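**Q** Quick one: the structure is below, questions incoming.
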Amino acid sequence: MSSSSVLTSIALESLPKLTSGKVRDLYDIDDKTLLFVTTDRISAYDVIMGNGVPSKGAVLTQLSAHWFKVLSDRIPGLKTHFLTLQPPAGLSAADKAVVHGRSMQVRKLKVFPVEVIVRGYITGSAWNEYKKEGTVHGLPMPTGLQQCSKFPKAIYTPSTKAELGEHDENISPEQAAKILGDKYASRIEELALKVYNTAAEYAAERGIIIADTKFEFGLDEETDDIVLIDEVLTPDSSRFWPADEYEVGRDQNSFDKQFLRNWLTSEGLKGKDGVEMPADIADATSARYLDAFKRLTGKTLDEALNELRA
Ligand SMILES: Nc1ncnc2c1ncn2[C@@H]1O[C@H](COP(=O)(O)OP(=O)(O)OP(=O)(O)O)[C@@H](O)[C@H]1O
Ligand SMILES: [Mg+2]
């Protein structure tokens, strides 16, 4: 099987699977190491489509790896879970072919059970709350913000990490501190804002607005370090807007999922499980992921994958 096949389900023969998320499968390499394998599954309106998006798993993996490097260069002392894009030595040749480009070895860590969201612009659930209450995650906000306005400063707006099938719930930083513990809460907030601001500046230079994003952090129990884990700053974990189309006072086009969302809405399939996307919708979506990758990394996905082979 070539790595360019579209894969929505992956079962490796030479490693034990630990868990499957909406998009990623986690395999156990050893006590301290995981193989993060990103499938081509896509979710929209909180449900997963029946078929996949070509190249999506590789884009998410290579883009996260790119960010880990950019962020580590720009934020002194930043710790991440990233180890290598190369597969572990013990993987069978068949498994290596399956995961090529879409896998990353990472440090296995204790995950802090909070979705660490940072918002630079007001949209989505934050905009809905503001319209009703004048607050965002319970935080007081200036009056007169319009839809998709830029906040004066990026804000930390955590949410709970819901079990599969449940919805995350927006919470205040104080509520998050109760879950995270006072010892870690303020360090996590400070780190998340630093990572967001660094990334937003980098993306802005490349024509992309990162309206908001979700981070996850883990704890290195040996050193007590807070570590940036999971995928980072991908179109799946963030709202990317094309900067040249940005206009305050209205909803923005999503960089990646707009075709899919429009199609689901027009077909009356919004929120239905296992919907099969027509090839033109899957391909148009793929093209947007590849475009975001090129803009942010300065290279094509093929170039990145060839470097990996070299
Ligand atoms: N270094 C790490 N050690 C242990 N677990 C990790 C690490 N990095 C990420 N994870 C966990 O791996 C999983 C990644 O899988 P995936 O993103 O598909 O699942 P999900 O987060 O449940 O779904 P979604 O992102 O669509 O809400 C998450 O549960 C995340 O918390
Ligand atoms: Mg996830």
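Naming works like this for the structure tokens: A, B, ... for the chains as they're shown, residue 1 at the start of each chain, ligands 1 onward in shown order.
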Could you list, as an MDAnalysis selection string, all the residues within 8 Å of ligand 2, counting only C-alpha atoms and all ligand atoms?
**A** chainID A and resid 21:24 230:231 237
**Q** Just write the chosen residues, C-alpha atoms, as a short mmCIF file (atom, residue, chain, number, x, y, z; two decimals), in the first residue's frame.
**A**
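Produced file selection_25.cif, reproduced below:
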```cif
data_model
loop_
_atom_site.label_atom_id
_atom_site.label_comp_id
_atom_site.auth_asym_id
_atom_site.auth_seq_id
_atom_site.Cartn_x
_atom_site.Cartn_y
_atom_site.Cartn_z
CA GLY A 21 -9.27 9.47 18.50
CA LYS A 22 -11.41 11.19 15.93
CA VAL A 23 -8.45 11.62 13.58
CA ARG A 24 -5.38 9.98 15.12
CA ASP A 230 -0.72 16.71 20.46
CA GLU A 231 -1.08 18.31 17.03
CA SER A 237 -7.00 22.46 15.74
#
```
**Q** Taking the chain letters and numbering used in this document, name the residues of segment 105-298 of chain A that DSSP puts in strand (DSSP E or B), as a ChimeraX atom specification.
**A** /A:105-107,110-111,114-121,135-136,139-140,150-156,159-160,170,208-220,225-229,238-242
**Q** Counting only C-alpha atoms, figure out which residue out of A:Asp225, A:Glu276, A:Glu216, A:Glu189 gets nearest to Thr157 of chain A.
**A**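 So, comparing all the options, the nearest one is A:Glu189.
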**Q** Determine the nearest neighbour of Glu13 of chain A from the options A:Thr160, A:Asn197, A:Thr84, A:Ser92, counting only C-alpha atoms.
**A**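 Of all the options, A:Ser92 lies closest to Glu13 of chain A.
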**Q** Using only C-alpha atoms, which of the listed residues (A:Leu34, A:Ala176, A:Ala162, A:Val98) sits closest to Gly138 of chain A?
**A** A:Ala176
**Q** If you count only C-alpha atoms, which residues fall within 8 Å of Val232 of chain A, apart from same-chain ones fewer than 4 positions away, as a ChimeraX atom specification?
**A** /A:63-64,67-68,214-215,237
**Q** If you run DSSP on the backbone, which residues of segment 65-308 of chain A are helix (DSSP H, G or I), as number ranges by chain?
**A** A: 65-74, 93-99, 124-133, 173-180, 182-204, 243-245, 258-266, 279-297, 301-308
**Q** Near segment 42-57 of chain A, within 10 Å and counting only C-alpha atoms, which residues show up once chain neighbours fewer than 6 positions away are dropped, as an NGL selection string?
**A** :A and (3-9 or 22-24 or 63 or 99 or 101-103 or 165-167 or 236 or 257-258 or 260-261 or 264 or 269-279 or 281-290 or 301-302)
**Q** Those same residues, written as a PDB file, in the first residue's frame with C-alpha atoms?
**A**
```pdb
ATOM      1  CA  SER A   3       1.458   6.287   1.474  1.00  0.00           C
ATOM      2  CA  SER A   4      -0.606   8.264  -1.006  1.00  0.00           C
ATOM      3  CA  SER A   5      -3.692   6.089  -0.486  1.00  0.00           C
ATOM      4  CA  VAL A   6      -6.532   7.724   1.384  1.00  0.00           C
ATOM      5  CA  LEU A   7      -6.782   5.923   4.721  1.00  0.00           C
ATOM      6  CA  THR A   8      -9.633   6.303   7.181  1.00  0.00           C
ATOM      7  CA  SER A   9      -8.730   3.261   9.204  1.00  0.00           C
ATOM      8  CA  LYS A  22     -11.408  11.191  15.929  1.00  0.00           C
ATOM      9  CA  VAL A  23      -8.455  11.622  13.584  1.00  0.00           C
ATOM     10  CA  ARG A  24      -5.380   9.982  15.124  1.00  0.00           C
ATOM     11  CA  LEU A  63       2.687  20.850   9.590  1.00  0.00           C
ATOM     12  CA  VAL A  99       2.570   5.329   7.990  1.00  0.00           C
ATOM     13  CA  GLY A 101       4.621  10.839   6.094  1.00  0.00           C
ATOM     14  CA  ARG A 102       1.724  10.537   8.501  1.00  0.00           C
ATOM     15  CA  SER A 103       3.478   9.337  11.656  1.00  0.00           C
ATOM     16  CA  GLY A 165     -19.378  11.824  21.548  1.00  0.00           C
ATOM     17  CA  GLU A 166     -19.820  14.554  24.180  1.00  0.00           C
ATOM     18  CA  HIS A 167     -19.346  18.279  23.623  1.00  0.00           C
ATOM     19  CA  ASP A 236      -8.004  20.974  12.393  1.00  0.00           C
ATOM     20  CA  LYS A 257     -13.620  23.086   5.543  1.00  0.00           C
ATOM     21  CA  GLN A 258     -15.764  25.681   3.797  1.00  0.00           C
ATOM     22  CA  LEU A 260     -17.451  20.612   2.895  1.00  0.00           C
ATOM     23  CA  ARG A 261     -19.607  22.687   5.251  1.00  0.00           C
ATOM     24  CA  LEU A 264     -23.327  19.405   3.878  1.00  0.00           C
ATOM     25  CA  LEU A 269     -26.593  16.398   5.785  1.00  0.00           C
ATOM     26  CA  LYS A 270     -25.206  18.651   8.519  1.00  0.00           C
ATOM     27  CA  GLY A 271     -24.393  16.601  11.639  1.00  0.00           C
ATOM     28  CA  LYS A 272     -25.226  13.191  10.072  1.00  0.00           C
ATOM     29  CA  ASP A 273     -22.709  10.453  10.796  1.00  0.00           C
ATOM     30  CA  GLY A 274     -20.653   8.630   8.163  1.00  0.00           C
ATOM     31  CA  VAL A 275     -21.641  10.789   5.187  1.00  0.00           C
ATOM     32  CA  GLU A 276     -19.728  10.019   1.970  1.00  0.00           C
ATOM     33  CA  MET A 277     -18.300  13.153   0.394  1.00  0.00           C
ATOM     34  CA  PRO A 278     -18.298  13.301  -3.403  1.00  0.00           C
ATOM     35  CA  ALA A 279     -14.799  13.212  -4.920  1.00  0.00           C
ATOM     36  CA  ILE A 281     -15.601  17.986  -2.366  1.00  0.00           C
ATOM     37  CA  ALA A 282     -12.884  15.718  -0.912  1.00  0.00           C
ATOM     38  CA  ASP A 283     -10.395  16.942  -3.541  1.00  0.00           C
ATOM     39  CA  ALA A 284     -11.238  20.627  -3.063  1.00  0.00           C
ATOM     40  CA  THR A 285     -10.799  20.166   0.682  1.00  0.00           C
ATOM     41  CA  SER A 286      -7.478  18.417   0.149  1.00  0.00           C
ATOM     42  CA  ALA A 287      -6.298  21.290  -2.054  1.00  0.00           C
ATOM     43  CA  ARG A 288      -7.025  23.749   0.770  1.00  0.00           C
ATOM     44  CA  TYR A 289      -5.034  21.719   3.312  1.00  0.00           C
ATOM     45  CA  LEU A 290      -2.143  21.538   0.832  1.00  0.00           C
ATOM     46  CA  LEU A 301       3.916  18.465   0.822  1.00  0.00           C
ATOM     47  CA  ASP A 302       5.770  16.384  -1.792  1.00  0.00           C
TER      48      ASP A 302
END
```
**Q** Looking at only C-alpha atoms, which of A:Tyr27, A:Tyr156, A:Phe36, A:Phe217 is the one that sits closest to Lys79 of chain A?
**A**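 When distances to Lys79 of chain A are compared using only C-alpha atoms, the smallest one comes from A:Phe217.
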